[in-house]
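Notes follow the structure.
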Amino acid sequence: MRDGQVHGYVKPLLSDLDVYDGEQDKDDNPLQKLYEAIVGGASKLLENRPRAEVATKTDLSGPVENPEASTLEVIVGLLRNAFFRAILPGLEKSSSR
């Protein structure tokens with residue numbers, strides 16, 4: 001972070017993600033149930049099998065009050081983690097600016 005601007009990345013890693021629980025959500029609106037079932041199915045599809053995690057990594061930049069990330073980069077990161085190469089926890093080396 002320098003001069004009110006942030007330049008870096010975020011790397012969310014989610015494990016044991018349970019979005020939909022039929023018993024817990026039995027009184028929910030049918031559209032809410034459908035939404036949660038779709039999100040839960042997508043998270044299972046995007047889960048990295050060996051590590052059982054949903055993860056992505058994307059660059060984050062802009063003013064500290066409102067930094068931006070690329071939606072396309074997030075999606076590509078999710079697909080890469082699920083099907084090609086696991087994103088591992090921890091910090092990564094970067095060049096100084």
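Starting from 1 in every chain, residues are counted up; chains themselves are A, B, ... following the order of the structure tokens, and ligands are numbered from 1 as listed.
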
Report as a ChimeraX atom specification all protein, DNA and RNA residues lying within 12 Å of A:Ala42, evaluated on only C-alpha atoms, omitting residues in the same chain fewer than 3 positions from it.
/A:17-20,35-39,45-47,54,75,78-79,82

Atom CA of A:Leu31 sits from atom CA of A:Lys44 at a separation of 19.9 Å

To one decimal place in Å, what is the distance between atom CA of A:Pro89 and atom CA of A:Lys11?
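Taking atom CA of A:Pro89 and atom CA of A:Lys11, their separation equals 8.0 Å.
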
Skip stretch 55-61 of chain A itself and residues of its chain fewer than 3 positions away, then list as a list of chain:residue names all residues within 6 Å of it, counting only C-alpha atoms.
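What passes the distance filter is A:Val6, A:His7, A:Gly8, A:Tyr9, A:Val10, A:Lys11, A:Pro12, A:Leu13, A:Pro67, A:Glu68, A:Ala69, A:Glu73, A:Val74, A:Gly77, A:Leu78.
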
Which parts of stretch 30-86 of chain A does DSSP call strand (DSSP E or B) when run on the backbone here, written out as a PyMOL selection string?
chain A and resi 48+53-55+58-63+68

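Note that atom CA of A:Leu14 and atom CA of A:Arg80 are 14.9 Å apart.
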
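Those residues of stretch 49-82 of chain A that DSSP, working from the backbone, places in alpha helix (DSSP H) are Thr71, Leu72, Glu73, Val74, Ile75, Val76, Gly77, Leu78, Leu79, Arg80, Asn81 and Ala82 of chain A.
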
Near-A:Asp3 list (12 Å; only C-alpha atoms; drop same-chain fewer than 5 positions) as a list in words:
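Near A:Asp3, the qualifying residues are Gly62, Pro63 and Val64 of chain A.
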
Writer output for current selection, N, CA and C atoms, as a CSV table (one decimal), in the first residue's frame:
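Final file, result25.csv:
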```
chain,number,residue,atom,x,y,z
A,62,GLY,N,-6.2,-0.5,-6.6
A,62,GLY,CA,-7.0,0.7,-6.6
A,62,GLY,C,-7.0,1.4,-5.3
A,63,PRO,N,-7.8,2.4,-5.1
A,63,PRO,CA,-7.8,3.2,-3.9
A,63,PRO,C,-8.2,2.3,-2.7
A,64,VAL,N,-7.6,2.6,-1.5
A,64,VAL,CA,-7.9,1.7,-0.3
A,64,VAL,C,-9.3,1.6,0.0
```
